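Inspection log for the structure reproduced underneath, given as C-alpha coordinates.
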Amino acid sequence: MNVNIEKMIVEIDLSENAAYVVIDGQLTKVTPKHFGEDTIVWQNGKVLDVIRSERHRMIGQTQI
(Lines give C-alpha, C1' and ligand atoms only; values in the text may rest on other atoms or scores of the structure.)
Protein backbone atom coordinates (compact mmCIF):
# COMPACT_ATOMS: atom_id res chain seq x y z
CA MET A 1 0.00 0.00 0.00
CA ASN A 2 1.50 3.30 -1.08
CA VAL A 3 0.69 6.32 1.10
CA ASN A 4 1.11 10.02 0.27
CA ILE A 5 0.39 11.79 3.57
CA GLU A 6 0.83 15.28 2.10
CA LYS A 7 -1.91 14.73 -0.50
CA MET A 8 -3.94 12.34 1.73
CA ILE A 9 -3.89 9.69 -1.03
CA VAL A 10 -3.51 5.94 -0.58
CA GLU A 11 -2.94 3.41 -3.34
CA ILE A 12 -4.44 -0.02 -2.58
CA ASP A 13 -4.07 -3.42 -4.24
CA LEU A 14 -7.33 -4.17 -6.06
CA SER A 15 -6.45 -7.85 -6.42
CA GLU A 16 -6.86 -8.33 -2.65
CA ASN A 17 -10.35 -8.78 -1.15
CA ALA A 18 -10.91 -6.39 1.75
CA ALA A 19 -13.01 -3.48 2.94
CA TYR A 20 -11.53 -0.18 4.03
CA VAL A 21 -12.87 2.31 6.57
CA VAL A 22 -11.62 5.89 6.61
CA ILE A 23 -12.17 7.99 9.74
CA ASP A 24 -10.65 11.49 9.93
CA GLY A 25 -7.99 10.56 7.36
CA GLN A 26 -7.02 7.29 9.07
CA LEU A 27 -7.40 4.13 6.99
CA THR A 28 -8.35 0.81 8.59
CA LYS A 29 -8.38 -2.41 6.58
CA VAL A 30 -11.09 -4.96 7.39
CA THR A 31 -9.95 -8.36 6.12
CA PRO A 32 -12.49 -10.97 5.07
CA LYS A 33 -13.37 -14.12 7.00
CA HIS A 34 -13.95 -17.47 5.32
CA PHE A 35 -17.60 -17.39 6.44
CA GLY A 36 -19.32 -14.71 8.45
CA GLU A 37 -20.84 -11.29 8.43
CA ASP A 38 -19.54 -7.80 9.14
CA THR A 39 -21.93 -5.06 10.19
CA ILE A 40 -20.88 -1.41 10.18
CA VAL A 41 -22.39 0.84 12.87
CA TRP A 42 -22.44 4.55 12.05
CA GLN A 43 -22.73 7.47 14.48
CA ASN A 44 -22.78 11.12 13.41
CA GLY A 45 -21.57 10.21 9.92
CA LYS A 46 -18.55 8.20 11.12
CA VAL A 47 -17.97 4.49 11.57
CA LEU A 48 -18.33 3.71 15.28
CA ASP A 49 -18.00 -0.09 15.23
CA VAL A 50 -17.49 -3.05 12.93
CA ILE A 51 -19.32 -6.03 14.41
CA ARG A 52 -18.00 -9.38 13.18
CA SER A 53 -19.97 -12.60 13.43
CA GLU A 54 -18.75 -16.01 12.37
CA ARG A 55 -20.62 -18.91 10.83
CA HIS A 56 -19.60 -22.54 11.15
CA ARG A 57 -20.94 -24.78 8.38
CA MET A 58 -21.89 -28.16 9.86
CA ILE A 59 -22.99 -30.11 6.77
CA GLY A 60 -20.16 -32.28 5.48
CA GLN A 61 -17.86 -31.36 8.38
CA THR A 62 -16.66 -33.82 11.02
CA GLN A 63 -15.38 -31.14 13.40
CA ILE A 64 -15.08 -27.38 13.74
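Residue numbers start at 1 in each chain; chains themselves are named A, B, ... in the order of the C-alpha coordinates; ligands are numbered from 1 in the order shown.
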
(message) Taking the DSSP secondary structure from the backbone, can you list the residues of chain A that are strand (DSSP E), as a PyMOL selection string?
(response) chain A and resi 2-4+9-11+19-23+26-30+37-43+46-53

I need the chosen residues saved as a short mmCIF file (atom, residue, chain, number, x, y, z; two decimals), in the first residue's frame, with N, CA, C and O atoms.
data_model
loop_
_atom_site.label_atom_id
_atom_site.label_comp_id
_atom_site.auth_asym_id
_atom_site.auth_seq_id
_atom_site.Cartn_x
_atom_site.Cartn_y
_atom_site.Cartn_z
N ASN A 2 0.74 2.06 -1.00
CA ASN A 2 1.50 3.30 -1.08
C ASN A 2 0.69 4.44 -0.45
O ASN A 2 -0.49 4.57 -0.72
N VAL A 3 1.36 5.23 0.38
CA VAL A 3 0.69 6.32 1.10
C VAL A 3 1.39 7.64 0.80
O VAL A 3 2.61 7.74 0.91
N ASN A 4 0.61 8.66 0.44
CA ASN A 4 1.11 10.02 0.27
C ASN A 4 0.39 10.87 1.31
O ASN A 4 -0.74 11.31 1.09
N ILE A 9 -3.55 10.68 -0.01
CA ILE A 9 -3.89 9.69 -1.03
C ILE A 9 -3.24 8.36 -0.67
O ILE A 9 -2.08 8.31 -0.27
N VAL A 10 -4.02 7.28 -0.82
CA VAL A 10 -3.51 5.94 -0.58
C VAL A 10 -3.79 5.10 -1.81
O VAL A 10 -4.87 5.13 -2.38
N GLU A 11 -2.79 4.34 -2.23
CA GLU A 11 -2.94 3.41 -3.34
C GLU A 11 -3.09 2.01 -2.75
O GLU A 11 -2.25 1.56 -1.97
N ALA A 19 -12.23 -4.71 2.84
CA ALA A 19 -13.01 -3.48 2.94
C ALA A 19 -12.15 -2.48 3.69
O ALA A 19 -11.32 -2.86 4.53
N TYR A 20 -12.32 -1.22 3.38
CA TYR A 20 -11.53 -0.18 4.03
C TYR A 20 -12.46 0.85 4.66
O TYR A 20 -13.45 1.25 4.06
N VAL A 21 -12.12 1.28 5.86
CA VAL A 21 -12.87 2.31 6.57
C VAL A 21 -11.93 3.49 6.77
O VAL A 21 -10.79 3.31 7.22
N VAL A 22 -12.41 4.68 6.42
CA VAL A 22 -11.62 5.89 6.61
C VAL A 22 -12.34 6.76 7.63
O VAL A 22 -13.50 7.11 7.46
N ILE A 23 -11.64 7.11 8.71
CA ILE A 23 -12.17 7.99 9.74
C ILE A 23 -11.14 9.09 9.99
O ILE A 23 -10.01 8.79 10.39
N GLN A 26 -7.70 8.53 8.66
CA GLN A 26 -7.02 7.29 9.07
C GLN A 26 -7.70 6.11 8.39
O GLN A 26 -8.91 5.93 8.48
N LEU A 27 -6.90 5.27 7.73
CA LEU A 27 -7.40 4.13 6.99
C LEU A 27 -7.27 2.86 7.82
O LEU A 27 -6.20 2.59 8.39
N THR A 28 -8.36 2.10 7.90
CA THR A 28 -8.35 0.81 8.59
C THR A 28 -8.83 -0.26 7.62
O THR A 28 -9.88 -0.11 7.00
N LYS A 29 -8.04 -1.31 7.48
CA LYS A 29 -8.38 -2.41 6.58
C LYS A 29 -9.16 -3.47 7.35
O LYS A 29 -8.75 -3.88 8.44
N VAL A 30 -10.28 -3.89 6.80
CA VAL A 30 -11.09 -4.96 7.39
C VAL A 30 -10.92 -6.17 6.47
O VAL A 30 -11.39 -6.16 5.33
N GLU A 37 -20.16 -12.52 8.78
CA GLU A 37 -20.84 -11.29 8.43
C GLU A 37 -20.20 -10.14 9.19
O GLU A 37 -19.87 -10.27 10.37
N ASP A 38 -20.03 -9.03 8.51
CA ASP A 38 -19.54 -7.80 9.14
C ASP A 38 -20.64 -6.76 9.04
O ASP A 38 -21.23 -6.56 7.98
N THR A 39 -20.94 -6.12 10.15
CA THR A 39 -21.93 -5.06 10.19
C THR A 39 -21.24 -3.77 10.61
O THR A 39 -20.49 -3.76 11.58
N ILE A 40 -21.48 -2.70 9.86
CA ILE A 40 -20.88 -1.41 10.18
C ILE A 40 -21.91 -0.56 10.92
O ILE A 40 -23.04 -0.41 10.46
N VAL A 41 -21.52 -0.02 12.06
CA VAL A 41 -22.39 0.84 12.87
C VAL A 41 -21.88 2.27 12.71
O VAL A 41 -20.70 2.56 12.96
N TRP A 42 -22.78 3.15 12.27
CA TRP A 42 -22.44 4.55 12.05
C TRP A 42 -22.99 5.42 13.18
O TRP A 42 -24.05 5.15 13.71
N GLN A 43 -22.25 6.47 13.53
CA GLN A 43 -22.73 7.47 14.48
C GLN A 43 -22.21 8.83 14.04
O GLN A 43 -21.00 9.01 13.84
N LYS A 46 -19.83 8.90 11.02
CA LYS A 46 -18.55 8.20 11.12
C LYS A 46 -18.79 6.76 11.56
O LYS A 46 -19.75 6.46 12.26
N VAL A 47 -17.88 5.89 11.15
CA VAL A 47 -17.97 4.49 11.57
C VAL A 47 -17.62 4.41 13.05
O VAL A 47 -16.55 4.85 13.48
N LEU A 48 -18.54 3.86 13.84
CA LEU A 48 -18.33 3.71 15.28
C LEU A 48 -17.78 2.31 15.58
O LEU A 48 -16.83 2.16 16.34
N ASP A 49 -18.39 1.30 14.97
CA ASP A 49 -18.00 -0.09 15.23
C ASP A 49 -18.10 -0.91 13.96
O ASP A 49 -18.90 -0.61 13.07
N VAL A 50 -17.31 -1.98 13.90
CA VAL A 50 -17.49 -3.05 12.93
C VAL A 50 -17.73 -4.30 13.76
O VAL A 50 -16.87 -4.72 14.53
N ILE A 51 -18.94 -4.84 13.64
CA ILE A 51 -19.32 -6.03 14.41
C ILE A 51 -19.12 -7.24 13.51
O ILE A 51 -19.68 -7.31 12.41
N ARG A 52 -18.31 -8.20 13.97
CA ARG A 52 -18.00 -9.38 13.18
C ARG A 52 -18.66 -10.61 13.80
O ARG A 52 -18.50 -10.87 14.98
N SER A 53 -19.41 -11.33 12.98
CA SER A 53 -19.97 -12.60 13.43
C SER A 53 -19.39 -13.69 12.56
O SER A 53 -18.97 -13.45 11.43
#

(request) Calculate how many Å separate atom CA of A:Met1 from atom CA of A:Pro32, rounding to one decimal. (result) 17.4 Å

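Minimum atom-to-atom distance to A:Lys33, evaluated using only C-alpha atoms, belongs to A:Arg55 out of A:Gly60, A:Arg55, A:Lys7, A:Ile12.
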
(request) Could you check how far atom CA of A:Thr31 sits from atom CA of A:Gly45, in Å to one decimal? (result)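 So the two atoms, atom CA of A:Thr31 and atom CA of A:Gly45, lie 22.2 Å apart.
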
(message) Quick check, in Å to one decimal: how far apart do atom CA of A:Asn44 and atom CA of A:Ile5 lie?
(response) 25.2 Å

(request) Have a look at A:Glu6, A:Glu16, A:Asp24, A:Glu54 and name the one nearest to A:Gly36; count only C-alpha atoms. (result) A:Glu54
